[in-house]
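Asker: Just one file: protein15.cif, with mmCIF, C-alpha atoms, pLDDT in the B column; chains and numbers go by the auth columns.
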```
data_target
#
loop_
_atom_site.group_PDB
_atom_site.id
_atom_site.type_symbol
_atom_site.label_atom_id
_atom_site.label_comp_id
_atom_site.label_asym_id
_atom_site.label_seq_id
_atom_site.Cartn_x
_atom_site.Cartn_y
_atom_site.Cartn_z
_atom_site.B_iso_or_equiv
_atom_site.auth_seq_id
_atom_site.auth_asym_id
ATOM 1 C CA MET A 1 -35.408 -105.056 3.062 63.00 1 A
ATOM 2 C CA GLU A 2 -31.624 -105.018 2.995 89.00 2 A
ATOM 3 C CA VAL A 3 -29.735 -107.859 1.356 96.00 3 A
ATOM 4 C CA PRO A 4 -28.765 -110.280 4.143 97.00 4 A
ATOM 5 C CA GLY A 5 -25.082 -110.578 4.929 96.00 5 A
ATOM 6 C CA TRP A 6 -24.970 -114.296 4.132 96.00 6 A
ATOM 7 C CA LEU A 7 -26.133 -113.620 0.561 97.00 7 A
ATOM 8 C CA GLU A 8 -23.597 -110.857 -0.004 96.00 8 A
ATOM 9 C CA THR A 9 -20.864 -113.164 1.330 96.00 9 A
ATOM 10 C CA LEU A 10 -22.104 -115.980 -0.903 96.00 10 A
ATOM 11 C CA ALA A 11 -22.061 -113.760 -3.985 96.00 11 A
ATOM 12 C CA GLY A 12 -18.437 -112.858 -3.311 94.00 12 A
ATOM 13 C CA ARG A 13 -17.438 -116.482 -2.796 94.00 13 A
ATOM 14 C CA VAL A 14 -19.145 -118.001 -5.823 92.00 14 A
ATOM 15 C CA ALA A 15 -17.821 -115.304 -8.125 91.00 15 A
ATOM 16 C CA ARG A 16 -14.325 -116.596 -7.336 90.00 16 A
ATOM 17 C CA THR A 17 -15.130 -120.319 -7.269 89.00 17 A
ATOM 18 C CA PRO A 18 -13.308 -122.318 -9.967 91.00 18 A
ATOM 19 C CA VAL A 19 -15.596 -124.101 -12.425 93.00 19 A
ATOM 20 C CA PRO A 20 -15.262 -127.918 -12.314 90.00 20 A
ATOM 21 C CA PRO A 21 -13.600 -129.266 -15.485 91.00 21 A
ATOM 22 C CA VAL A 22 -16.749 -131.132 -16.553 88.00 22 A
ATOM 23 C CA MET A 23 -18.733 -127.863 -16.544 93.00 23 A
ATOM 24 C CA ARG A 24 -16.204 -125.558 -18.169 94.00 24 A
ATOM 25 C CA PRO A 25 -17.615 -124.004 -21.343 94.00 25 A
ATOM 26 C CA PRO A 26 -15.957 -124.981 -24.636 93.00 26 A
ATOM 27 C CA ALA A 27 -13.721 -122.512 -26.414 91.00 27 A
ATOM 28 C CA SER A 28 -16.532 -121.819 -28.870 91.00 28 A
ATOM 29 C CA GLY A 29 -20.136 -122.767 -29.405 92.00 29 A
ATOM 30 C CA GLY A 30 -22.961 -123.265 -26.977 95.00 30 A
ATOM 31 C CA ARG A 31 -26.016 -121.088 -26.519 96.00 31 A
ATOM 32 C CA PRO A 32 -25.812 -118.324 -23.887 97.00 32 A
ATOM 33 C CA ALA A 33 -28.398 -118.884 -21.151 98.00 33 A
ATOM 34 C CA ALA A 34 -29.128 -117.702 -17.620 98.00 34 A
ATOM 35 C CA VAL A 35 -30.969 -118.920 -14.537 98.00 35 A
ATOM 36 C CA LEU A 36 -32.233 -116.940 -11.558 98.00 36 A
ATOM 37 C CA LEU A 37 -31.252 -118.090 -8.059 98.00 37 A
ATOM 38 C CA LEU A 38 -33.847 -116.036 -6.244 98.00 38 A
ATOM 39 C CA PHE A 39 -33.638 -116.052 -2.447 98.00 39 A
ATOM 40 C CA GLY A 40 -36.235 -114.544 -0.160 98.00 40 A
ATOM 41 C CA GLU A 41 -37.465 -114.583 3.423 97.00 41 A
ATOM 42 C CA GLY A 42 -40.487 -116.854 3.722 95.00 42 A
ATOM 43 C CA PRO A 43 -42.580 -118.151 6.623 95.00 43 A
ATOM 44 C CA PHE A 44 -39.967 -120.834 7.303 96.00 44 A
ATOM 45 C CA GLY A 45 -36.889 -118.633 6.971 97.00 45 A
ATOM 46 C CA PRO A 46 -34.737 -118.087 3.886 97.00 46 A
ATOM 47 C CA ASP A 47 -35.980 -119.875 0.790 98.00 47 A
ATOM 48 C CA VAL A 48 -35.214 -120.246 -2.921 98.00 48 A
ATOM 49 C CA LEU A 49 -37.575 -120.224 -5.893 98.00 49 A
ATOM 50 C CA LEU A 50 -37.739 -123.427 -7.974 98.00 50 A
ATOM 51 C CA ILE A 51 -39.938 -124.508 -10.843 97.00 51 A
ATOM 52 C CA GLN A 52 -40.826 -127.966 -12.129 95.00 52 A
ATOM 53 C CA ARG A 53 -40.528 -128.068 -15.878 91.00 53 A
ATOM 54 C CA SER A 54 -43.362 -129.479 -17.937 86.00 54 A
ATOM 55 C CA SER A 55 -43.197 -133.209 -18.688 76.00 55 A
ATOM 56 C CA ARG A 56 -44.086 -132.202 -22.268 71.00 56 A
ATOM 57 C CA GLY A 57 -40.905 -130.203 -22.680 62.00 57 A
ATOM 58 C CA ARG A 58 -38.262 -130.983 -25.293 60.00 58 A
ATOM 59 C CA THR A 59 -35.283 -130.846 -22.932 59.00 59 A
ATOM 60 C CA HIS A 60 -34.990 -131.386 -19.167 60.00 60 A
ATOM 61 C CA ALA A 61 -38.639 -132.515 -19.191 71.00 61 A
ATOM 62 C CA GLY A 62 -40.229 -132.808 -15.761 81.00 62 A
ATOM 63 C CA GLN A 63 -37.114 -131.674 -13.916 91.00 63 A
ATOM 64 C CA PRO A 64 -37.066 -129.198 -11.031 95.00 64 A
ATOM 65 C CA ALA A 65 -34.980 -126.195 -12.009 96.00 65 A
ATOM 66 C CA PHE A 66 -34.257 -122.544 -11.419 98.00 66 A
ATOM 67 C CA PRO A 67 -36.323 -120.192 -13.582 98.00 67 A
ATOM 68 C CA GLY A 68 -34.379 -119.275 -16.678 97.00 68 A
ATOM 69 C CA GLY A 69 -33.638 -119.854 -20.335 95.00 69 A
ATOM 70 C CA GLY A 70 -31.761 -118.592 -23.337 96.00 70 A
ATOM 71 C CA VAL A 71 -30.296 -115.095 -23.578 97.00 71 A
ATOM 72 C CA ASP A 72 -31.990 -113.220 -26.415 97.00 72 A
ATOM 73 C CA PRO A 73 -30.132 -110.432 -28.290 95.00 73 A
ATOM 74 C CA GLU A 74 -32.534 -107.800 -26.930 96.00 74 A
ATOM 75 C CA ASP A 75 -31.797 -108.870 -23.340 97.00 75 A
ATOM 76 C CA GLY A 76 -28.352 -107.369 -23.440 94.00 76 A
ATOM 77 C CA GLY A 77 -26.926 -110.002 -21.097 97.00 77 A
ATOM 78 C CA PRO A 78 -27.659 -112.792 -18.614 98.00 78 A
ATOM 79 C CA VAL A 79 -29.096 -110.656 -15.795 98.00 79 A
ATOM 80 C CA ALA A 80 -31.912 -109.241 -17.915 98.00 80 A
ATOM 81 C CA ALA A 81 -32.499 -112.652 -19.474 98.00 81 A
ATOM 82 C CA ALA A 82 -32.828 -114.374 -16.091 98.00 82 A
ATOM 83 C CA LEU A 83 -35.323 -111.776 -14.862 98.00 83 A
ATOM 84 C CA ARG A 84 -37.332 -111.888 -18.094 98.00 84 A
ATOM 85 C CA GLU A 85 -37.512 -115.686 -18.131 97.00 85 A
ATOM 86 C CA ALA A 86 -38.498 -115.802 -14.454 98.00 86 A
ATOM 87 C CA ALA A 87 -41.285 -113.297 -15.098 98.00 87 A
ATOM 88 C CA GLU A 88 -42.542 -115.304 -18.081 97.00 88 A
ATOM 89 C CA GLU A 89 -42.401 -118.635 -16.261 97.00 89 A
ATOM 90 C CA THR A 90 -43.651 -117.679 -12.782 98.00 90 A
ATOM 91 C CA GLY A 91 -45.346 -114.289 -13.029 98.00 91 A
ATOM 92 C CA LEU A 92 -42.541 -112.769 -10.948 98.00 92 A
ATOM 93 C CA ASP A 93 -42.418 -108.971 -10.721 98.00 93 A
ATOM 94 C CA PRO A 94 -38.762 -108.032 -11.417 97.00 94 A
ATOM 95 C CA ALA A 95 -39.293 -104.730 -9.582 97.00 95 A
ATOM 96 C CA GLY A 96 -39.284 -106.700 -6.326 98.00 96 A
ATOM 97 C CA VAL A 97 -35.899 -108.275 -7.056 98.00 97 A
ATOM 98 C CA HIS A 98 -32.407 -106.966 -6.294 98.00 98 A
ATOM 99 C CA VAL A 99 -29.608 -108.665 -8.236 98.00 99 A
ATOM 100 C CA VAL A 100 -26.619 -109.331 -5.994 97.00 100 A
ATOM 101 C CA GLY A 101 -24.178 -110.874 -8.455 96.00 101 A
ATOM 102 C CA THR A 102 -23.469 -113.636 -10.934 97.00 102 A
ATOM 103 C CA MET A 103 -21.628 -116.940 -10.866 96.00 103 A
ATOM 104 C CA PRO A 104 -19.113 -118.033 -13.509 96.00 104 A
ATOM 105 C CA GLU A 105 -20.581 -119.452 -16.700 96.00 105 A
ATOM 106 C CA LEU A 106 -21.340 -123.193 -16.531 97.00 106 A
ATOM 107 C CA TYR A 107 -21.688 -125.526 -19.509 96.00 107 A
ATOM 108 C CA VAL A 108 -24.607 -127.970 -19.737 93.00 108 A
ATOM 109 C CA SER A 109 -23.673 -130.419 -22.471 88.00 109 A
ATOM 110 C CA ARG A 110 -27.109 -132.077 -22.605 84.00 110 A
ATOM 111 C CA SER A 111 -28.698 -128.885 -23.936 88.00 111 A
ATOM 112 C CA ASP A 112 -25.498 -127.218 -25.238 93.00 112 A
ATOM 113 C CA ASN A 113 -26.134 -124.193 -23.014 95.00 113 A
ATOM 114 C CA ARG A 114 -23.581 -121.860 -21.476 97.00 114 A
ATOM 115 C CA VAL A 115 -25.462 -120.938 -18.305 98.00 115 A
ATOM 116 C CA THR A 116 -24.807 -117.899 -16.102 98.00 116 A
ATOM 117 C CA PRO A 117 -26.448 -118.281 -12.662 98.00 117 A
ATOM 118 C CA VAL A 118 -27.728 -114.915 -11.401 98.00 118 A
ATOM 119 C CA LEU A 119 -27.967 -114.464 -7.618 98.00 119 A
ATOM 120 C CA ALA A 120 -30.751 -112.195 -6.392 98.00 120 A
ATOM 121 C CA TRP A 121 -32.675 -111.144 -3.280 98.00 121 A
ATOM 122 C CA TRP A 122 -36.477 -111.025 -3.327 98.00 122 A
ATOM 123 C CA HIS A 123 -36.964 -107.920 -1.205 97.00 123 A
ATOM 124 C CA THR A 124 -40.651 -107.533 -2.137 97.00 124 A
ATOM 125 C CA PRO A 125 -42.152 -110.978 -2.766 96.00 125 A
ATOM 126 C CA CYS A 126 -45.226 -111.390 -4.933 97.00 126 A
ATOM 127 C CA ALA A 127 -47.526 -114.292 -5.744 97.00 127 A
ATOM 128 C CA VAL A 128 -45.999 -116.718 -8.254 97.00 128 A
ATOM 129 C CA HIS A 129 -47.504 -119.540 -10.279 96.00 129 A
ATOM 130 C CA ALA A 130 -46.976 -121.649 -13.402 95.00 130 A
ATOM 131 C CA ALA A 131 -47.438 -118.698 -15.755 95.00 131 A
ATOM 132 C CA SER A 132 -46.341 -120.631 -18.846 92.00 132 A
ATOM 133 C CA PRO A 133 -48.072 -124.046 -18.587 89.00 133 A
ATOM 134 C CA ASP A 134 -46.392 -125.374 -21.732 89.00 134 A
ATOM 135 C CA GLU A 135 -43.026 -124.925 -20.021 90.00 135 A
ATOM 136 C CA VAL A 136 -43.747 -125.053 -16.283 94.00 136 A
ATOM 137 C CA GLU A 137 -45.930 -127.428 -14.275 93.00 137 A
ATOM 138 C CA SER A 138 -45.490 -125.900 -10.824 94.00 138 A
ATOM 139 C CA VAL A 139 -43.628 -123.238 -8.852 97.00 139 A
ATOM 140 C CA GLU A 140 -42.354 -123.672 -5.306 97.00 140 A
ATOM 141 C CA ARG A 141 -40.573 -121.556 -2.703 98.00 141 A
ATOM 142 C CA VAL A 142 -38.352 -124.161 -1.029 98.00 142 A
ATOM 143 C CA PRO A 143 -37.049 -123.315 2.464 98.00 143 A
ATOM 144 C CA ILE A 144 -33.282 -123.546 2.867 98.00 144 A
ATOM 145 C CA ARG A 145 -33.770 -125.440 6.113 98.00 145 A
ATOM 146 C CA GLU A 146 -35.477 -128.242 4.167 98.00 146 A
ATOM 147 C CA LEU A 147 -32.736 -128.347 1.535 98.00 147 A
ATOM 148 C CA VAL A 148 -29.993 -128.703 4.143 98.00 148 A
ATOM 149 C CA ASP A 149 -31.884 -131.275 6.233 98.00 149 A
ATOM 150 C CA PRO A 150 -29.685 -134.428 6.056 98.00 150 A
ATOM 151 C CA ALA A 151 -32.849 -136.547 5.749 98.00 151 A
ATOM 152 C CA ASN A 152 -33.611 -134.825 2.417 98.00 152 A
ATOM 153 C CA ARG A 153 -30.156 -135.280 0.901 98.00 153 A
ATOM 154 C CA LEU A 154 -28.755 -138.125 -1.189 98.00 154 A
ATOM 155 C CA ARG A 155 -26.729 -138.910 -4.270 98.00 155 A
ATOM 156 C CA LEU A 156 -28.355 -140.175 -7.465 96.00 156 A
ATOM 157 C CA ARG A 157 -26.554 -142.569 -9.789 95.00 157 A
ATOM 158 C CA HIS A 158 -27.058 -142.381 -13.555 90.00 158 A
ATOM 159 C CA PRO A 159 -26.824 -145.613 -15.601 89.00 159 A
ATOM 160 C CA SER A 160 -23.530 -144.244 -16.947 87.00 160 A
ATOM 161 C CA GLY A 161 -22.126 -144.693 -13.447 88.00 161 A
ATOM 162 C CA HIS A 162 -21.892 -140.988 -12.670 88.00 162 A
ATOM 163 C CA SER A 163 -23.492 -139.886 -9.399 93.00 163 A
ATOM 164 C CA GLY A 164 -24.259 -136.427 -8.118 94.00 164 A
ATOM 165 C CA PRO A 165 -26.014 -134.631 -5.261 97.00 165 A
ATOM 166 C CA ALA A 166 -29.799 -134.618 -5.069 98.00 166 A
ATOM 167 C CA PHE A 167 -32.588 -133.364 -2.808 98.00 167 A
ATOM 168 C CA ARG A 168 -36.047 -134.691 -1.980 97.00 168 A
ATOM 169 C CA VAL A 169 -38.110 -131.677 -0.909 97.00 169 A
ATOM 170 C CA ARG A 170 -41.731 -130.566 -1.257 94.00 170 A
ATOM 171 C CA GLY A 171 -42.549 -133.537 -3.476 92.00 171 A
ATOM 172 C CA LEU A 172 -39.675 -132.643 -5.820 95.00 172 A
ATOM 173 C CA LEU A 173 -36.650 -134.740 -6.712 96.00 173 A
ATOM 174 C CA VAL A 174 -33.997 -132.128 -7.454 97.00 174 A
ATOM 175 C CA TRP A 175 -30.976 -133.519 -9.311 95.00 175 A
ATOM 176 C CA GLY A 176 -28.570 -132.823 -12.154 93.00 176 A
ATOM 177 C CA PHE A 177 -27.406 -129.292 -12.905 94.00 177 A
ATOM 178 C CA THR A 178 -29.818 -127.649 -10.457 96.00 178 A
ATOM 179 C CA ALA A 179 -28.837 -129.896 -7.550 97.00 179 A
ATOM 180 C CA GLY A 180 -25.145 -129.415 -8.303 95.00 180 A
ATOM 181 C CA VAL A 181 -25.493 -125.630 -8.203 96.00 181 A
ATOM 182 C CA LEU A 182 -27.601 -125.793 -5.036 97.00 182 A
ATOM 183 C CA ASP A 183 -25.031 -128.052 -3.365 96.00 183 A
ATOM 184 C CA GLY A 184 -22.279 -125.509 -3.998 94.00 184 A
ATOM 185 C CA VAL A 185 -24.433 -122.532 -3.046 96.00 185 A
ATOM 186 C CA LEU A 186 -25.521 -124.083 0.249 96.00 186 A
ATOM 187 C CA ALA A 187 -21.903 -124.818 1.127 94.00 187 A
ATOM 188 C CA GLY A 188 -20.855 -121.279 0.222 94.00 188 A
ATOM 189 C CA SER A 189 -23.700 -119.717 2.188 95.00 189 A
ATOM 190 C CA GLY A 190 -22.738 -121.418 5.425 94.00 190 A
ATOM 191 C CA PHE A 191 -26.151 -123.108 5.742 97.00 191 A
ATOM 192 C CA ALA A 192 -24.998 -126.599 4.735 97.00 192 A
ATOM 193 C CA LEU A 193 -25.098 -129.380 7.337 97.00 193 A
ATOM 194 C CA PRO A 194 -23.154 -132.661 7.323 97.00 194 A
ATOM 195 C CA TRP A 195 -25.055 -135.396 5.478 97.00 195 A
ATOM 196 C CA ASP A 196 -24.506 -139.012 4.496 97.00 196 A
ATOM 197 C CA ARG A 197 -22.793 -138.904 1.091 95.00 197 A
ATOM 198 C CA SER A 198 -22.709 -142.701 1.010 96.00 198 A
ATOM 199 C CA ARG A 199 -26.498 -142.686 0.556 97.00 199 A
ATOM 200 C CA VAL A 200 -26.643 -143.446 -3.176 97.00 200 A
ATOM 201 C CA GLU A 201 -29.745 -144.404 -5.140 96.00 201 A
ATOM 202 C CA ASP A 202 -30.287 -145.145 -8.822 95.00 202 A
ATOM 203 C CA LEU A 203 -32.019 -142.490 -10.872 92.00 203 A
ATOM 204 C CA PRO A 204 -35.695 -143.548 -10.992 92.00 204 A
ATOM 205 C CA PRO A 205 -36.691 -145.019 -14.397 90.00 205 A
ATOM 206 C CA ASP A 206 -39.532 -142.551 -14.945 88.00 206 A
ATOM 207 C CA VAL A 207 -37.217 -139.602 -14.274 87.00 207 A
ATOM 208 C CA LEU A 208 -34.549 -141.105 -16.531 82.00 208 A
ATOM 209 C CA ASN A 209 -37.045 -141.639 -19.350 83.00 209 A
ATOM 210 C CA LEU A 210 -38.137 -138.011 -19.278 81.00 210 A
ATOM 211 C CA ALA A 211 -34.554 -136.780 -19.088 74.00 211 A
ATOM 212 C CA SER A 212 -33.426 -138.902 -22.046 71.00 212 A
ATOM 213 C CA ARG A 213 -35.850 -137.354 -24.548 66.00 213 A
#
```
Could you rewrite the structure in this file as structure tokens?
Answerer:
Amino acid sequence: MEVPGWLETLAGRVARTPVPPVMRPPASGGRPAAVLLLFGEGPFGPDVLLIQRSSRGRTHAGQPAFPGGGVDPEDGGPVAAALREAAEETGLDPAGVHVVGTMPELYVSRSDNRVTPVLAWWHTPCAVHAASPDEVESVERVPIRELVDPANRLRLRHPSGHSGPAFRVRGLLVWGFTAGVLDGVLAGSGFALPWDRSRVEDLPPDVLNLASR
């Protein structure tokens, strides 16, 4: 299947999007990492692959996320790392994936990672599952139409006072880095719909406790 026009347009836009000051990588330091933003055509239209990290994890425990992880020396770069990590975490067959482009590097201070988001099209989908139970609790293909539904969108407020975009979809509460990237990607793809940005809720205590490990 050919890469859809909206994804090619998105890849061109995000490659040129300035990185917000709070997410600009430091001049030195930070571990290179990559995540895979894998889009496909599912039974409910375009969708994106998300995982829920294990609640036993050391960082970002229990959080929905894109498949991904650190870039190892043998990877040779973020694209190979994102595909390798996705295969390890979800059982994904990289042969069914076409990489469309990458986004600028983003810094996640909580884990000291310099993350390169890799945009890809799932031209030949395969069955996926929590292939690494110590790291991943579940895997979900989330339809774009559910992510952009105004009823599923809100802002979550951290005790520090900072608030950011979030999504409630498929039993997942998507927030933090992943929700921020999704928010920008949905806007750049042209799928985003107007939603009530004044809808602000406090970060649930159980989610906060896991995140603060």
Asker: One decimal, Å: what's the distance from CA of Arg197 (chain A) over to CA of Gly68 (chain A), could you say?
Answerer: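 For CA of Arg197 (chain A) relative to CA of Gly68 (chain A), the distance reads 28.9 Å.
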Asker: Have a look at CA of Arg170 (chain A) and CA of Gly62 (chain A) and let me know their distance in Å, one decimal.
Answerer: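 One can read the CA of Arg170 (chain A) to CA of Gly62 (chain A) distance as 14.8 Å.
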Asker: Taking all atoms listed in the file into account, name the residue in A:Val99, A:Ala192, A:Leu49, A:Val169 that is nearest to Leu83 (chain A).
Answerer: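 Comparing A:Val99, A:Ala192, A:Leu49, A:Val169 against Leu83 (chain A), the winner is A:Val99.
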Asker: Written as a VMD selection string, which residues does the PyMOL selection byres ((chain A and resi 69) around 12) give for the file shown?
Answerer: chain A and resid 31 to 36 53 59 to 60 65 to 68 70 to 72 75 77 to 89 111 113 to 118 135
Asker: For the selection just defined, write its residues with C-alpha atoms to a file, as an mmCIF file, in the frame of the given file.
Answerer:
```
data_model
loop_
_atom_site.group_PDB
_atom_site.id
_atom_site.type_symbol
_atom_site.label_atom_id
_atom_site.label_comp_id
_atom_site.auth_asym_id
_atom_site.auth_seq_id
_atom_site.Cartn_x
_atom_site.Cartn_y
_atom_site.Cartn_z
ATOM 1 C CA ARG A 31 -26.016 -121.088 -26.519
ATOM 2 C CA PRO A 32 -25.812 -118.324 -23.887
ATOM 3 C CA ALA A 33 -28.398 -118.884 -21.151
ATOM 4 C CA ALA A 34 -29.128 -117.702 -17.620
ATOM 5 C CA VAL A 35 -30.969 -118.920 -14.537
ATOM 6 C CA LEU A 36 -32.233 -116.940 -11.558
ATOM 7 C CA ARG A 53 -40.528 -128.068 -15.878
ATOM 8 C CA THR A 59 -35.283 -130.846 -22.932
ATOM 9 C CA HIS A 60 -34.990 -131.386 -19.167
ATOM 10 C CA ALA A 65 -34.980 -126.195 -12.009
ATOM 11 C CA PHE A 66 -34.257 -122.544 -11.419
ATOM 12 C CA PRO A 67 -36.323 -120.192 -13.582
ATOM 13 C CA GLY A 68 -34.379 -119.275 -16.678
ATOM 14 C CA GLY A 70 -31.761 -118.592 -23.337
ATOM 15 C CA VAL A 71 -30.296 -115.095 -23.578
ATOM 16 C CA ASP A 72 -31.990 -113.220 -26.415
ATOM 17 C CA ASP A 75 -31.797 -108.870 -23.340
ATOM 18 C CA GLY A 77 -26.926 -110.002 -21.097
ATOM 19 C CA PRO A 78 -27.659 -112.792 -18.614
ATOM 20 C CA VAL A 79 -29.096 -110.656 -15.795
ATOM 21 C CA ALA A 80 -31.912 -109.241 -17.915
ATOM 22 C CA ALA A 81 -32.499 -112.652 -19.474
ATOM 23 C CA ALA A 82 -32.828 -114.374 -16.091
ATOM 24 C CA LEU A 83 -35.323 -111.776 -14.862
ATOM 25 C CA ARG A 84 -37.332 -111.888 -18.094
ATOM 26 C CA GLU A 85 -37.512 -115.686 -18.131
ATOM 27 C CA ALA A 86 -38.498 -115.802 -14.454
ATOM 28 C CA ALA A 87 -41.285 -113.297 -15.098
ATOM 29 C CA GLU A 88 -42.542 -115.304 -18.081
ATOM 30 C CA GLU A 89 -42.401 -118.635 -16.261
ATOM 31 C CA SER A 111 -28.698 -128.885 -23.936
ATOM 32 C CA ASN A 113 -26.134 -124.193 -23.014
ATOM 33 C CA ARG A 114 -23.581 -121.860 -21.476
ATOM 34 C CA VAL A 115 -25.462 -120.938 -18.305
ATOM 35 C CA THR A 116 -24.807 -117.899 -16.102
ATOM 36 C CA PRO A 117 -26.448 -118.281 -12.662
ATOM 37 C CA VAL A 118 -27.728 -114.915 -11.401
ATOM 38 C CA GLU A 135 -43.026 -124.925 -20.021
#
```
Asker: Which residue, A:Gly184, A:Ser55, A:Pro73, A:Ser138, has the smallest gap to Val207 (chain A) when you use all atoms listed in the file?
Answerer: A:Ser55
Asker: Give the answer as one residue: which of A:Glu105, A:Trp6, A:Leu38, A:Gly45 has the shortest atom-to-atom distance to Asp93 (chain A), using only C-alpha atoms?
Answerer: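 That would be A:Leu38, the residue with the smallest distance to Asp93 (chain A).
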Asker: If the PyMOL selection byres ((chain A and resi 121) around 9) is run on the structure shown, which residues does it catch, given as a VMD selection string?
Answerer: chain A and resid 2 to 4 7 37 to 41 96 to 100 119 to 120 122 to 124
Asker: Using C-alpha atoms, can you export the residues from the last selection as a PDB file, keeping the file's coordinate frame?
Answerer:
```pdb
ATOM      1  CA  GLU A   2     -31.624-105.018   2.995  1.00 89.00           C
ATOM      2  CA  VAL A   3     -29.735-107.859   1.356  1.00 96.00           C
ATOM      3  CA  PRO A   4     -28.765-110.280   4.143  1.00 97.00           C
ATOM      4  CA  LEU A   7     -26.133-113.620   0.561  1.00 97.00           C
ATOM      5  CA  LEU A  37     -31.252-118.090  -8.059  1.00 98.00           C
ATOM      6  CA  LEU A  38     -33.847-116.036  -6.244  1.00 98.00           C
ATOM      7  CA  PHE A  39     -33.638-116.052  -2.447  1.00 98.00           C
ATOM      8  CA  GLY A  40     -36.235-114.544  -0.160  1.00 98.00           C
ATOM      9  CA  GLU A  41     -37.465-114.583   3.423  1.00 97.00           C
ATOM     10  CA  GLY A  96     -39.284-106.700  -6.326  1.00 98.00           C
ATOM     11  CA  VAL A  97     -35.899-108.275  -7.056  1.00 98.00           C
ATOM     12  CA  HIS A  98     -32.407-106.966  -6.294  1.00 98.00           C
ATOM     13  CA  VAL A  99     -29.608-108.665  -8.236  1.00 98.00           C
ATOM     14  CA  VAL A 100     -26.619-109.331  -5.994  1.00 97.00           C
ATOM     15  CA  LEU A 119     -27.967-114.464  -7.618  1.00 98.00           C
ATOM     16  CA  ALA A 120     -30.751-112.195  -6.392  1.00 98.00           C
ATOM     17  CA  TRP A 122     -36.477-111.025  -3.327  1.00 98.00           C
ATOM     18  CA  HIS A 123     -36.964-107.920  -1.205  1.00 97.00           C
ATOM     19  CA  THR A 124     -40.651-107.533  -2.137  1.00 97.00           C
TER      20      THR A 124
END
```
Asker: How big is the axis-aligned box, and where does its centre sit, when it encloses all atoms of region 185-199 of chain A listed in the file and has 4 Å added on every side, reported in Å to one decimal as AutoDock Vina command-line options?
Answerer:
```
--center_x -23.7 --center_y -131.2 --center_z 2.1 --size_x 13.6 --size_y 31.0 --size_z 18.4
```
Asker: Give me, please, the distance in Å between CA of Leu173 (chain A) and CA of Ala130 (chain A), quoted to one decimal.
Answerer: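 Interatomic distance, CA of Leu173 (chain A) to CA of Ala130 (chain A): 18.0 Å.
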Asker: Closest to Glu140 (chain A) among A:Val48, A:Met23, A:Leu154, A:Ala11, using all atoms listed in the file?
Answerer: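 Checking each candidate against Glu140 (chain A), we get A:Val48 as the closest.
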Asker: What's around Pro104 (chain A) at 8 Å? Count only C-alpha atoms, leave out sequence neighbours fewer than 3 positions away in its own chain, and write the answer as a VMD selection string.
Answerer: chain A and resid 14 to 17 19 116 to 117
Asker: Restricting the calculation to all atoms listed in the file, which member of A:Leu186, A:Ala61, A:Gly161, A:Gly29 is positioned closest to Leu147 (chain A)?
Answerer: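 Looking only at the distances to Leu147 (chain A), the closest residue turns out to be A:Leu186.
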